[in-house]
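Data block for coords_25.tsv (TSV, C-alpha atoms):
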chain	number	residue	atom	x	y	z
A	287	MET	CA	-162.20	-61.80	26.20
A	288	SER	CA	-160.88	-58.47	25.11
A	289	ASN	CA	-161.71	-57.09	21.69
A	290	ASP	CA	-159.55	-53.98	21.85
A	291	ILE	CA	-156.17	-55.65	21.43
A	292	PRO	CA	-154.44	-54.41	18.26
A	293	GLY	CA	-154.07	-57.21	15.73
A	294	TYR	CA	-156.07	-59.69	17.79
A	295	ASN	CA	-158.82	-60.95	15.54
A	296	TYR	CA	-159.81	-64.35	16.90
A	297	GLY	CA	-162.67	-65.82	14.90
A	298	ASP	CA	-162.61	-63.11	12.21
A	299	ARG	CA	-163.00	-63.91	8.54
A	300	GLU	CA	-159.48	-62.79	7.62
A	301	VAL	CA	-157.88	-65.34	9.95
A	302	ALA	CA	-155.96	-68.04	8.06
A	303	ARG	CA	-157.44	-71.51	7.85
A	304	SER	CA	-155.33	-74.34	9.22
A	305	PRO	CA	-154.63	-77.04	6.62
A	306	LEU	CA	-155.24	-79.59	9.38
A	307	SER	CA	-158.59	-81.33	9.30
A	308	ASP	CA	-160.82	-81.64	12.34
A	309	GLU	CA	-159.88	-85.31	12.41
A	310	GLU	CA	-156.18	-84.45	12.45
A	311	LEU	CA	-156.76	-82.09	15.36
A	312	GLU	CA	-158.46	-84.90	17.24
A	313	GLN	CA	-155.50	-87.14	16.44
A	314	LEU	CA	-153.11	-84.60	17.91
A	315	LYS	CA	-155.20	-84.44	21.06
A	316	SER	CA	-155.29	-88.21	21.32
A	317	GLY	CA	-151.52	-88.46	20.75
A	318	ALA	CA	-150.90	-85.95	23.54
A	319	GLY	CA	-153.39	-87.68	25.83
A	320	PHE	CA	-155.44	-84.48	25.94
A	321	THR	CA	-158.87	-85.14	27.46
A	322	GLU	CA	-161.84	-83.41	29.08
A	323	GLU	CA	-159.87	-83.47	32.31
A	324	ASP	CA	-157.31	-81.19	30.69
A	325	VAL	CA	-160.08	-78.83	29.56
A	326	HIS	CA	-161.19	-78.69	33.19
A	327	HIS	CA	-157.70	-78.04	34.55
A	328	LEU	CA	-156.98	-75.43	31.93
A	329	GLN	CA	-160.10	-73.57	32.99
A	330	MET	CA	-158.93	-73.80	36.59
A	331	ALA	CA	-155.55	-72.48	35.41
A	332	GLY	CA	-157.25	-69.62	33.60
A	333	GLU	CA	-158.91	-68.49	36.84
A	334	VAL	CA	-155.52	-68.58	38.57
A	335	LEU	CA	-153.74	-66.72	35.78
A	336	ARG	CA	-156.42	-64.21	34.81
A	337	ASP	CA	-154.93	-61.34	36.85
A	338	GLN	CA	-151.30	-62.40	36.35
A	339	THR	CA	-150.99	-62.40	32.55
A	340	GLU	CA	-149.31	-58.99	32.36
A	341	GLU	CA	-146.68	-60.01	34.89
A	342	ILE	CA	-146.10	-63.38	33.21
A	343	VAL	CA	-145.57	-61.87	29.77
A	344	ARG	CA	-143.30	-59.19	31.24
A	345	ARG	CA	-141.27	-61.96	32.85
A	346	TRP	CA	-140.93	-63.82	29.53
A	347	ARG	CA	-140.28	-60.77	27.43
A	348	SER	CA	-138.33	-58.36	29.66
A	349	ASP	CA	-136.64	-60.64	32.17
A	350	ILE	CA	-135.76	-63.55	29.91
A	351	ILE	CA	-136.03	-63.01	26.14
A	352	ALA	CA	-134.55	-59.49	26.29
A	353	HIS	CA	-131.30	-61.02	27.57
A	354	ILE	CA	-131.05	-63.74	24.89
A	355	PRO	CA	-129.85	-61.96	21.73
A	356	HIS	CA	-130.96	-64.59	19.18
A	357	LEU	CA	-134.50	-64.42	20.60
A	358	ALA	CA	-134.62	-60.71	21.49
A	359	LYS	CA	-133.87	-59.63	17.93
A	360	HIS	CA	-137.22	-60.86	16.66
A	361	SER	CA	-139.10	-58.08	18.44
A	362	ARG	CA	-136.55	-55.42	17.50
A	363	ALA	CA	-135.72	-53.42	14.40
A	364	LEU	CA	-133.21	-54.94	11.99
A	365	ASP	CA	-130.50	-52.62	13.35
A	366	GLY	CA	-131.21	-53.87	16.87
A	367	GLY	CA	-133.14	-50.76	17.87
A	368	LEU	CA	-136.08	-51.12	20.23
A	369	LEU	CA	-139.64	-51.12	18.92
A	370	PRO	CA	-141.61	-50.29	22.07
A	371	ASP	CA	-144.92	-50.01	20.25
A	372	TYR	CA	-144.50	-53.40	18.55
A	373	LEU	CA	-143.50	-54.95	21.85
A	374	ALA	CA	-146.44	-53.43	23.69
A	375	LYS	CA	-148.97	-54.63	21.12
A	376	SER	CA	-147.56	-58.11	20.79
A	377	ASN	CA	-147.32	-58.38	24.58
A	378	LYS	CA	-151.06	-57.71	24.78
A	379	ARG	CA	-151.68	-60.50	22.28
A	380	PHE	CA	-149.29	-62.74	24.21
A	381	GLU	CA	-151.33	-62.09	27.37
A	382	GLN	CA	-154.55	-62.87	25.56
A	383	TRP	CA	-152.99	-66.08	24.23
A	384	ILE	CA	-152.60	-67.30	27.82
A	385	LEU	CA	-156.32	-66.75	28.40
A	386	ASP	CA	-157.28	-68.31	25.07
A	387	THR	CA	-155.16	-71.36	25.89
A	388	CYS	CA	-157.08	-71.75	29.14
A	389	PHE	CA	-160.62	-70.78	28.21
A	390	ARG	CA	-161.26	-71.29	24.49
A	391	PRO	CA	-162.76	-74.54	23.24
A	392	TYR	CA	-160.20	-76.32	21.08
A	393	ASP	CA	-162.41	-76.34	17.99
A	394	ARG	CA	-161.98	-75.27	14.36
A	395	THR	CA	-161.98	-71.55	15.27
A	396	TRP	CA	-159.24	-72.11	17.82
A	397	LEU	CA	-157.28	-74.36	15.45
A	398	ASP	CA	-157.39	-71.71	12.73
A	399	TYR	CA	-156.26	-69.00	15.10
A	400	GLN	CA	-153.32	-71.06	16.34
A	401	HIS	CA	-152.33	-71.51	12.71
A	402	GLU	CA	-152.67	-67.74	12.23
A	403	ILE	CA	-150.37	-67.11	15.24
A	404	GLY	CA	-147.93	-69.64	13.80
A	405	LEU	CA	-147.96	-67.83	10.45
A	406	ARG	CA	-147.26	-64.55	12.25
A	407	HIS	CA	-143.93	-66.04	13.30
A	408	THR	CA	-143.03	-66.96	9.69
A	409	VAL	CA	-142.13	-64.98	6.60
A	410	ALA	CA	-145.74	-65.32	5.48
A	411	ARG	CA	-147.13	-62.91	8.08
A	412	LYS	CA	-144.51	-61.75	10.60
A	413	ASN	CA	-144.48	-57.97	11.21
A	414	GLN	CA	-147.50	-57.38	9.00
A	415	VAL	CA	-150.28	-56.83	11.47
A	416	ASP	CA	-148.15	-54.26	13.33
A	417	ARG	CA	-146.57	-52.84	10.15
A	418	VAL	CA	-143.06	-52.98	11.53
A	419	SER	CA	-139.68	-53.77	10.06
A	420	SER	CA	-138.06	-56.56	12.05
A	421	THR	CA	-136.59	-60.01	11.38
A	422	PRO	CA	-138.51	-61.84	8.66
A	423	GLU	CA	-139.08	-64.99	10.71
A	424	VAL	CA	-138.54	-66.70	14.05
A	425	PRO	CA	-136.95	-70.07	13.24
A	426	PHE	CA	-139.23	-72.83	14.45
A	427	ARG	CA	-136.40	-74.43	16.42
A	428	ASP	CA	-136.05	-71.28	18.50
A	429	VAL	CA	-139.76	-71.26	19.29
A	430	LEU	CA	-139.60	-74.92	20.32
A	431	SER	CA	-136.53	-74.52	22.49
A	432	PHE	CA	-138.27	-71.76	24.44
A	433	ILE	CA	-141.28	-73.93	25.34
A	434	PRO	CA	-139.62	-75.43	28.47
A	435	VAL	CA	-139.16	-71.88	29.76
A	436	ILE	CA	-142.79	-71.02	28.98
A	437	ASN	CA	-143.96	-74.11	30.85
A	438	GLU	CA	-141.65	-73.79	33.85
A	439	THR	CA	-142.41	-70.12	34.38
A	440	MET	CA	-146.07	-70.95	34.26
A	441	LYS	CA	-145.78	-73.47	37.05
A	442	LYS	CA	-144.66	-70.77	39.47
A	443	TYR	CA	-147.62	-68.56	38.61
A	444	LEU	CA	-150.04	-71.47	38.82
A	445	ALA	CA	-148.85	-72.02	42.39
A	446	LYS	CA	-149.47	-68.42	43.49
A	447	LYS	CA	-153.08	-68.81	44.57
A	448	ASP	CA	-152.57	-71.43	47.28
A	449	HIS	CA	-153.99	-74.40	45.40
A	450	PRO	CA	-152.96	-77.83	46.68
A	451	ALA	CA	-149.71	-79.01	45.06
A	452	GLU	CA	-151.65	-81.78	43.34
A	453	ASP	CA	-153.91	-79.29	41.57
A	454	VAL	CA	-150.98	-77.10	40.58
A	455	GLU	CA	-149.36	-80.18	39.08
A	456	LYS	CA	-152.50	-81.03	37.11
A	457	MET	CA	-152.89	-77.48	35.81
A	458	TYR	CA	-149.24	-77.43	34.83
A	459	ARG	CA	-149.54	-80.77	33.06
A	460	SER	CA	-152.57	-79.67	31.06
A	461	TRP	CA	-150.87	-76.38	30.21
A	462	SER	CA	-147.78	-78.25	28.99
A	463	LYS	CA	-149.86	-80.59	26.85
A	464	SER	CA	-151.52	-77.59	25.29
A	465	THR	CA	-148.29	-75.78	24.41
A	466	LEU	CA	-147.03	-78.92	22.65
A	467	LEU	CA	-150.37	-79.36	20.88
A	468	GLN	CA	-150.06	-75.80	19.63
A	469	MET	CA	-146.50	-76.37	18.46
A	470	ALA	CA	-147.75	-79.43	16.59
A	471	ILE	CA	-150.33	-77.18	14.89
A	472	TRP	CA	-147.64	-74.62	14.05
A	473	THR	CA	-145.66	-77.20	12.05
A	474	LYS	CA	-148.16	-76.56	9.26
A	475	ALA	CA	-147.52	-72.81	9.35
A	476	TYR	CA	-143.80	-73.41	8.95
A	477	GLU	CA	-144.21	-76.12	6.32
A	478	SER	CA	-146.20	-73.75	4.17
A	479	ASN	CA	-143.21	-71.41	3.87
A	480	GLU	CA	-140.58	-72.47	1.39
A	481	SER	CA	-138.12	-69.91	2.62
A	482	THR	CA	-137.98	-71.28	6.15
A	483	LYS	CA	-135.58	-73.89	4.88
A	484	ASN	CA	-132.85	-71.37	4.60
A	485	VAL	CA	-133.43	-69.46	7.80
B	299	MET	CA	-123.18	-97.92	26.13
B	300	SER	CA	-124.20	-100.92	24.12
B	301	ASN	CA	-122.67	-101.55	20.74
B	302	ASP	CA	-124.74	-104.56	19.76
B	303	ILE	CA	-128.00	-102.76	19.03
B	304	PRO	CA	-129.00	-103.23	15.36
B	305	GLY	CA	-128.89	-99.92	13.49
B	306	TYR	CA	-127.43	-98.02	16.43
B	307	ASN	CA	-124.31	-96.33	15.15
B	308	TYR	CA	-123.70	-93.37	17.42
B	309	GLY	CA	-120.52	-91.54	16.45
B	310	ASP	CA	-119.95	-93.57	13.27
B	311	ARG	CA	-118.83	-91.97	10.02
B	312	GLU	CA	-122.05	-92.79	8.17
B	313	VAL	CA	-124.18	-90.79	10.61
B	314	ALA	CA	-125.71	-87.69	9.03
B	315	ARG	CA	-124.30	-84.30	9.92
B	316	SER	CA	-126.72	-81.79	11.41
B	317	PRO	CA	-126.94	-78.57	9.41
B	318	LEU	CA	-126.98	-76.72	12.74
B	319	SER	CA	-123.73	-75.09	13.76
B	320	ASP	CA	-122.19	-75.52	17.19
B	321	GLU	CA	-123.20	-71.94	17.88
B	322	GLU	CA	-126.81	-72.69	16.94
B	323	LEU	CA	-126.80	-75.66	19.31
B	324	GLU	CA	-125.58	-73.38	22.09
B	325	GLN	CA	-128.36	-70.94	21.21
B	326	LEU	CA	-130.95	-73.70	21.54
B	327	LYS	CA	-129.57	-74.60	24.95
B	328	SER	CA	-129.62	-71.00	26.06
B	329	GLY	CA	-133.19	-70.52	24.77
B	330	ALA	CA	-134.31	-73.58	26.75
B	331	GLY	CA	-132.40	-72.47	29.83
B	332	PHE	CA	-130.36	-75.66	29.65
B	333	THR	CA	-127.32	-75.45	31.95
B	334	GLU	CA	-124.71	-77.57	33.73
B	335	GLU	CA	-127.31	-78.18	36.39
B	336	ASP	CA	-129.42	-79.99	33.81
B	337	VAL	CA	-126.43	-82.09	32.79
B	338	HIS	CA	-126.09	-83.08	36.43
B	339	HIS	CA	-129.76	-83.93	36.86
B	340	LEU	CA	-129.86	-85.88	33.62
B	341	GLN	CA	-127.00	-88.01	34.88
B	342	MET	CA	-128.89	-88.55	38.09
B	343	ALA	CA	-131.92	-89.49	35.98
B	344	GLY	CA	-129.81	-91.92	33.98
B	345	GLU	CA	-128.85	-93.77	37.14
B	346	VAL	CA	-132.51	-93.99	38.10
B	347	LEU	CA	-133.64	-95.12	34.66
B	348	ARG	CA	-130.76	-97.43	33.72
B	349	ASP	CA	-132.56	-100.65	34.71
B	350	GLN	CA	-136.02	-99.42	33.71
B	351	THR	CA	-135.56	-98.56	30.04
B	352	GLU	CA	-137.08	-101.78	28.73
B	353	GLU	CA	-140.20	-101.29	30.83
B	354	ILE	CA	-140.49	-97.63	29.86
B	355	VAL	CA	-140.27	-98.31	26.14
B	356	ARG	CA	-142.72	-101.19	26.46
B	357	ARG	CA	-145.10	-98.80	28.20
B	358	TRP	CA	-144.80	-96.24	25.39
B	359	ARG	CA	-144.89	-98.72	22.56
B	360	SER	CA	-147.20	-101.53	23.73
B	361	ASP	CA	-149.43	-99.82	26.28
B	362	ILE	CA	-149.91	-96.46	24.61
B	363	ILE	CA	-148.85	-96.14	20.94
B	364	ALA	CA	-150.23	-99.57	19.98
B	365	HIS	CA	-153.71	-98.29	20.87
B	366	ILE	CA	-153.47	-95.04	18.89
B	367	PRO	CA	-153.94	-96.03	15.24
B	368	HIS	CA	-152.41	-92.94	13.62
B	369	LEU	CA	-149.23	-93.50	15.68
B	370	ALA	CA	-149.19	-97.31	15.71
B	371	LYS	CA	-149.16	-97.55	11.92
B	372	HIS	CA	-145.63	-96.15	11.69
B	373	SER	CA	-144.12	-99.30	13.15
B	374	ARG	CA	-146.35	-101.64	11.13
B	375	ALA	CA	-146.48	-102.86	7.56
B	376	LEU	CA	-148.46	-100.78	5.08
B	377	ASP	CA	-151.34	-103.27	5.28
B	378	GLY	CA	-151.38	-102.88	9.07
B	379	GLY	CA	-149.66	-106.18	9.72
B	380	LEU	CA	-147.29	-106.44	12.66
B	381	LEU	CA	-143.53	-106.21	12.16
B	382	PRO	CA	-142.23	-107.78	15.38
B	383	ASP	CA	-138.61	-107.73	14.28
B	384	TYR	CA	-138.74	-104.02	13.34
B	385	LEU	CA	-140.45	-103.23	16.61
B	386	ALA	CA	-137.91	-105.19	18.64
B	387	LYS	CA	-134.93	-103.52	16.98
B	388	SER	CA	-136.33	-100.02	17.15
B	389	ASN	CA	-137.36	-100.59	20.77
B	390	LYS	CA	-133.74	-101.39	21.59
B	391	ARG	CA	-132.67	-98.13	19.98
B	392	PHE	CA	-135.47	-96.32	21.82
B	393	GLU	CA	-134.11	-97.70	25.11
B	394	GLN	CA	-130.60	-96.61	24.23
B	395	TRP	CA	-131.93	-93.15	23.36
B	396	ILE	CA	-133.09	-92.75	26.97
B	397	LEU	CA	-129.57	-93.50	28.18
B	398	ASP	CA	-127.95	-91.26	25.56
B	399	THR	CA	-130.29	-88.43	26.58
B	400	CYS	CA	-129.10	-88.82	30.18
B	401	PHE	CA	-125.41	-89.65	29.80
B	402	ARG	CA	-124.01	-88.34	26.51
B	403	PRO	CA	-122.37	-84.92	26.35
B	404	TYR	CA	-124.49	-82.63	24.17
B	405	ASP	CA	-121.69	-81.96	21.70
B	406	ARG	CA	-121.32	-82.20	17.89
B	407	THR	CA	-121.42	-86.02	17.94
B	408	TRP	CA	-124.62	-85.99	19.94
B	409	LEU	CA	-126.11	-83.21	17.76
B	410	ASP	CA	-125.38	-85.19	14.60
B	411	TYR	CA	-126.91	-88.34	16.01
B	412	GLN	CA	-130.09	-86.54	17.04
B	413	HIS	CA	-130.31	-85.26	13.48
B	414	GLU	CA	-129.80	-88.83	12.25
B	415	ILE	CA	-132.63	-90.06	14.48
B	416	GLY	CA	-134.79	-87.22	13.17
B	417	LEU	CA	-134.03	-88.23	9.58
B	418	ARG	CA	-135.00	-91.81	10.41
B	419	HIS	CA	-138.51	-90.51	11.04
B	420	THR	CA	-138.65	-88.79	7.65
B	421	VAL	CA	-138.84	-89.99	4.06
B	422	ALA	CA	-135.10	-89.51	3.83
B	423	ARG	CA	-134.23	-92.48	6.05
B	424	LYS	CA	-137.29	-94.10	7.64
B	425	ASN	CA	-137.34	-97.92	7.36
B	426	GLN	CA	-133.93	-98.06	5.77
B	427	VAL	CA	-131.72	-99.22	8.58
B	428	ASP	CA	-134.12	-102.10	9.32
B	429	ARG	CA	-134.98	-102.74	5.65
B	430	VAL	CA	-138.70	-102.83	6.26
B	431	SER	CA	-141.70	-101.64	4.33
B	432	SER	CA	-143.75	-99.32	6.52
B	433	THR	CA	-145.14	-95.78	6.34
B	434	PRO	CA	-142.72	-93.44	4.56
B	435	GLU	CA	-142.69	-90.86	7.34
B	436	VAL	CA	-143.95	-89.92	10.80
B	437	PRO	CA	-145.41	-86.41	10.45
B	438	PHE	CA	-143.50	-84.05	12.71
B	439	ARG	CA	-146.72	-82.85	14.34
B	440	ASP	CA	-147.42	-86.39	15.54
B	441	VAL	CA	-143.97	-86.68	17.06
B	442	LEU	CA	-144.42	-83.34	18.82
B	443	SER	CA	-147.86	-84.14	20.16
B	444	PHE	CA	-146.50	-87.32	21.76
B	445	ILE	CA	-143.80	-85.47	23.75
B	446	PRO	CA	-146.11	-84.68	26.70
B	447	VAL	CA	-146.74	-88.42	27.04
B	448	ILE	CA	-143.01	-89.17	26.87
B	449	ASN	CA	-142.34	-86.60	29.58
B	450	GLU	CA	-145.21	-87.54	31.88
B	451	THR	CA	-144.48	-91.25	31.71
B	452	MET	CA	-140.90	-90.50	32.57
B	453	LYS	CA	-141.85	-88.65	35.72
B	454	LYS	CA	-143.37	-91.82	37.18
B	455	TYR	CA	-140.24	-93.85	36.49
B	456	LEU	CA	-138.00	-91.11	37.85
B	457	ALA	CA	-139.91	-91.35	41.13
B	458	LYS	CA	-139.46	-95.11	41.50
B	459	LYS	CA	-136.15	-95.07	43.36
B	460	ASP	CA	-137.28	-93.10	46.41
B	461	HIS	CA	-135.57	-89.83	45.60
B	462	PRO	CA	-136.93	-86.75	47.37
B	463	ALA	CA	-139.79	-85.15	45.42
B	464	GLU	CA	-137.60	-82.12	44.81
B	465	ASP	CA	-134.96	-84.20	43.03
B	466	VAL	CA	-137.57	-86.04	40.99
B	467	GLU	CA	-138.92	-82.67	39.92
B	468	LYS	CA	-135.47	-81.47	38.89
B	469	MET	CA	-134.71	-84.63	36.93
B	470	TYR	CA	-138.08	-84.39	35.22
B	471	ARG	CA	-137.51	-80.74	34.36
B	472	SER	CA	-134.10	-81.44	32.85
B	473	TRP	CA	-135.52	-84.39	30.94
B	474	SER	CA	-138.33	-82.24	29.55
B	475	LYS	CA	-135.90	-79.53	28.47
B	476	SER	CA	-133.88	-82.15	26.66
B	477	THR	CA	-136.81	-83.62	24.74
B	478	LEU	CA	-137.74	-80.14	23.51
B	479	LEU	CA	-134.13	-79.40	22.60
B	480	GLN	CA	-134.08	-82.59	20.57
B	481	MET	CA	-137.33	-81.68	18.83
B	482	ALA	CA	-135.79	-78.31	17.99
B	483	ILE	CA	-132.87	-80.17	16.41
B	484	TRP	CA	-135.26	-82.42	14.47
B	485	THR	CA	-136.83	-79.40	12.75
B	486	LYS	CA	-133.78	-79.46	10.48
B	487	ALA	CA	-134.33	-83.12	9.57
B	488	TYR	CA	-137.90	-82.34	8.55
B	489	GLU	CA	-137.03	-79.13	6.74
B	490	SER	CA	-134.56	-81.01	4.57
B	491	ASN	CA	-137.36	-83.13	3.14
B	492	GLU	CA	-139.43	-81.48	0.45
B	493	SER	CA	-142.03	-84.19	0.51
B	494	THR	CA	-142.96	-83.69	4.15
B	495	LYS	CA	-145.08	-80.80	3.05
B	496	ASN	CA	-147.63	-83.12	1.62
B	497	VAL	CA	-147.69	-85.71	4.36
Could you render the structure from this file as structure tokens?
Amino acid sequence: MSNDIPGYNYGDREVARSPLSDEELEQLKSGAGFTEEDVHHLQMAGEVLRDQTEEIVRRWRSDIIAHIPHLAKHSRALDGGLLPDYLAKSNKRFEQWILDTCFRPYDRTWLDYQHEIGLRHTVARKNQVDRVSSTPEVPFRDVLSFIPVINETMKKYLAKKDHPAEDVEKMYRSWSKSTLLQMAIWTKAYESNESTKNV
Amino acid sequence: MSNDIPGYNYGDREVARSPLSDEELEQLKSGAGFTEEDVHHLQMAGEVLRDQTEEIVRRWRSDIIAHIPHLAKHSRALDGGLLPDYLAKSNKRFEQWILDTCFRPYDRTWLDYQHEIGLRHTVARKNQVDRVSSTPEVPFRDVLSFIPVINETMKKYLAKKDHPAEDVEKMYRSWSKSTLLQMAIWTKAYESNESTKNV
């Protein structure tokens, strides 16, 4: 795991603590049907994706999001101007997120960091780590509606290393469970922000 | 569409109005990459699922949720006792929801009804239409974490009518986009409830 990504501080003391208890995390896993088999297939996915993360994030960010104004604006200045440095740094963290999703144990440290990433999409912490002036918050609904795109794109990249279709399907399924698990964790980041109600 | 389902009042005047604008609904669709092709594949899915909805909901409710205590409690009495009448009525609505997801146009009427269904999972309206005493609210994170199960179960039923694997995949993909779209719409139902913060 890389330690030289700006603003990436997995496991550090300053990372927020998720209000969810360990038991609640286990409940989310059980609700999603997330088991040791998923841990295994996510690790398999991580091996497949390891050298493709830059391309995947470029696809999401430059090929898709950049052409959807209500999503693109969240990585731009308030006047719509480009913020190449912000984009570059957050892309690096986005790439690392793919690896963390595949390789990290889903324990308290991981839970807290997912909460931290959630907060960085809300008024509580957006723009801060990169010291930029951009939109104050990404509405949670817009994050959620983009998840199908995240998952579908991923399937193509999971298939690029000639694994049997059955394995690709399993990796994709585990990946999709994980993105929903993470969205479930993010609900707490959004609930903790009064102002989100009016965004 | 059936009109004799208790508490099912699609399109009626008393249905809540979603705070989302028509433009915001279109944004959600565009973020999810939801197009006319998805409308087509959802209709195809509806034809496949039409005579399987009872079995599907039984699978979700009796085979899965009933064995997950933190989910099962939301359709039970506060002391854990069974509420067969509540379960039967809400199962009927659950079945109809599958058909609505496949066949209804995703317009203002549909948007409002999805908001209404969302509200019926929150303190604002849970238990009311069936006049039961049960948990006051299903936490949004628990709804979200169950979506992978909803989607994966569906894939099996979509494959039961001997469609080519490619068509099953397309129906499944459109279905999965729709469930996420609906969860995005539900964010507004949960945001409108102060008390959800402490659930």
Counting only C-alpha atoms, which residues of chain B come no farther than 6 Å from chain A, as an NGL selection string? :B and (326 or 329-330 or 439 or 442-444 or 446-447 or 475 or 478-479 or 482 or 489 or 495)
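Counting from CA of Thr433 (chain B), the distance to CA of His372 (chain B) is 5.4 Å.
Nearest to Val427 (chain B) of all the residues B:Asp320, B:Glu352, B:Glu414, B:Glu334 is B:Glu414, based on all atoms listed in the file.
The spacing separating CA of Asp416 (chain A) from CA of Ala358 (chain A) amounts to 17.1 Å.
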So the first atom is CA of Pro292 (chain A) and the second is CA of Ala475 (chain A); what is the distance between them in Å, to one decimal place? 21.6 Å
Take every atom of region 406-425 of chain A listed in the file, pad by 3 Å on each side, and give me the axis-aligned box centre and edge lengths in Å, one decimal, as lines of an AutoDock Vina configuration file.
center_x = -143.4
center_y = -61.5
center_z = 9.8
size_x = 19.7
size_y = 23.2
size_z = 14.6
Of A:Ser304, A:Arg406, A:Gln338, A:His327, the one sitting nearest Glu455 (chain A) when using all atoms listed in the file is A:His327
If we count all atoms listed in the file, what is near Phe380 (chain A) at a cut-off of 12 Å, once residues fewer than 2 positions away on the same chain are taken out, given as a list in words? Ile291, Pro292, Gly293, Tyr294, Thr339, Glu340, Glu341, Ile342, Val343, Arg344, Arg345, Trp346, Arg347, Tyr372, Leu373, Ala374, Lys375, Ser376, Asn377, Lys378, Gln382, Trp383, Ile384, Leu385, Asp386, Thr387, Ile403 and Ile436 of chain A
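Near Gly309 (chain B), within 9 Å and counting only C-alpha atoms, sit Asn307, Arg311, Glu312, Val313, Thr407, Trp408, Asp410 and Tyr411 of chain B; same-chain residues fewer than 2 positions away were not included.
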May I ask you to restore all heavy atoms in region 293-298 of chain A and write the result as an mmCIF file, in the coordinates of the input?
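The resulting file, selection-v4.cif, is reproduced below:
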data_model
loop_
_atom_site.group_PDB
_atom_site.id
_atom_site.type_symbol
_atom_site.label_atom_id
_atom_site.label_comp_id
_atom_site.auth_asym_id
_atom_site.auth_seq_id
_atom_site.Cartn_x
_atom_site.Cartn_y
_atom_site.Cartn_z
ATOM 1 N N GLY A 293 -154.520 -56.036 16.470
ATOM 2 C CA GLY A 293 -154.070 -57.210 15.730
ATOM 3 C C GLY A 293 -154.653 -58.532 16.228
ATOM 4 O O GLY A 293 -154.390 -59.578 15.655
ATOM 5 N N TYR A 294 -155.450 -58.456 17.271
ATOM 6 C CA TYR A 294 -156.070 -59.690 17.790
ATOM 7 C C TYR A 294 -157.432 -59.845 17.147
ATOM 8 O O TYR A 294 -158.341 -59.053 17.392
ATOM 9 C CB TYR A 294 -156.202 -59.597 19.316
ATOM 10 C CG TYR A 294 -156.908 -60.790 19.933
ATOM 11 C CD1 TYR A 294 -156.269 -62.024 20.029
ATOM 12 C CD2 TYR A 294 -158.207 -60.685 20.418
ATOM 13 C CE1 TYR A 294 -156.907 -63.116 20.590
ATOM 14 C CE2 TYR A 294 -158.858 -61.769 20.978
ATOM 15 C CZ TYR A 294 -158.206 -62.983 21.068
ATOM 16 O OH TYR A 294 -158.838 -64.062 21.622
ATOM 17 N N ASN A 295 -157.559 -60.826 16.290
ATOM 18 C CA ASN A 295 -158.820 -60.950 15.540
ATOM 19 C C ASN A 295 -159.344 -62.391 15.543
ATOM 20 O O ASN A 295 -159.747 -62.927 14.508
ATOM 21 C CB ASN A 295 -158.649 -60.425 14.109
ATOM 22 C CG ASN A 295 -157.524 -61.138 13.366
ATOM 23 O OD1 ASN A 295 -156.799 -61.940 13.941
ATOM 24 N ND2 ASN A 295 -157.395 -60.862 12.081
ATOM 25 N N TYR A 296 -159.303 -62.988 16.703
ATOM 26 C CA TYR A 296 -159.810 -64.350 16.900
ATOM 27 C C TYR A 296 -161.203 -64.524 16.308
ATOM 28 O O TYR A 296 -162.110 -63.747 16.614
ATOM 29 C CB TYR A 296 -159.863 -64.635 18.406
ATOM 30 C CG TYR A 296 -160.043 -66.097 18.774
ATOM 31 C CD1 TYR A 296 -158.960 -66.863 19.184
ATOM 32 C CD2 TYR A 296 -161.292 -66.696 18.736
ATOM 33 C CE1 TYR A 296 -159.110 -68.193 19.543
ATOM 34 C CE2 TYR A 296 -161.462 -68.033 19.078
ATOM 35 C CZ TYR A 296 -160.370 -68.774 19.484
ATOM 36 O OH TYR A 296 -160.525 -70.091 19.835
ATOM 37 N N GLY A 297 -161.355 -65.531 15.451
ATOM 38 C CA GLY A 297 -162.670 -65.820 14.900
ATOM 39 C C GLY A 297 -163.081 -64.966 13.710
ATOM 40 O O GLY A 297 -164.135 -65.202 13.116
ATOM 41 N N ASP A 298 -162.257 -63.985 13.342
ATOM 42 C CA ASP A 298 -162.610 -63.110 12.210
ATOM 43 C C ASP A 298 -162.414 -63.835 10.874
ATOM 44 O O ASP A 298 -161.674 -64.813 10.786
ATOM 45 C CB ASP A 298 -161.751 -61.849 12.217
ATOM 46 C CG ASP A 298 -162.253 -60.830 13.232
ATOM 47 O OD1 ASP A 298 -163.198 -61.159 13.968
ATOM 48 O OD2 ASP A 298 -161.671 -59.735 13.286
#
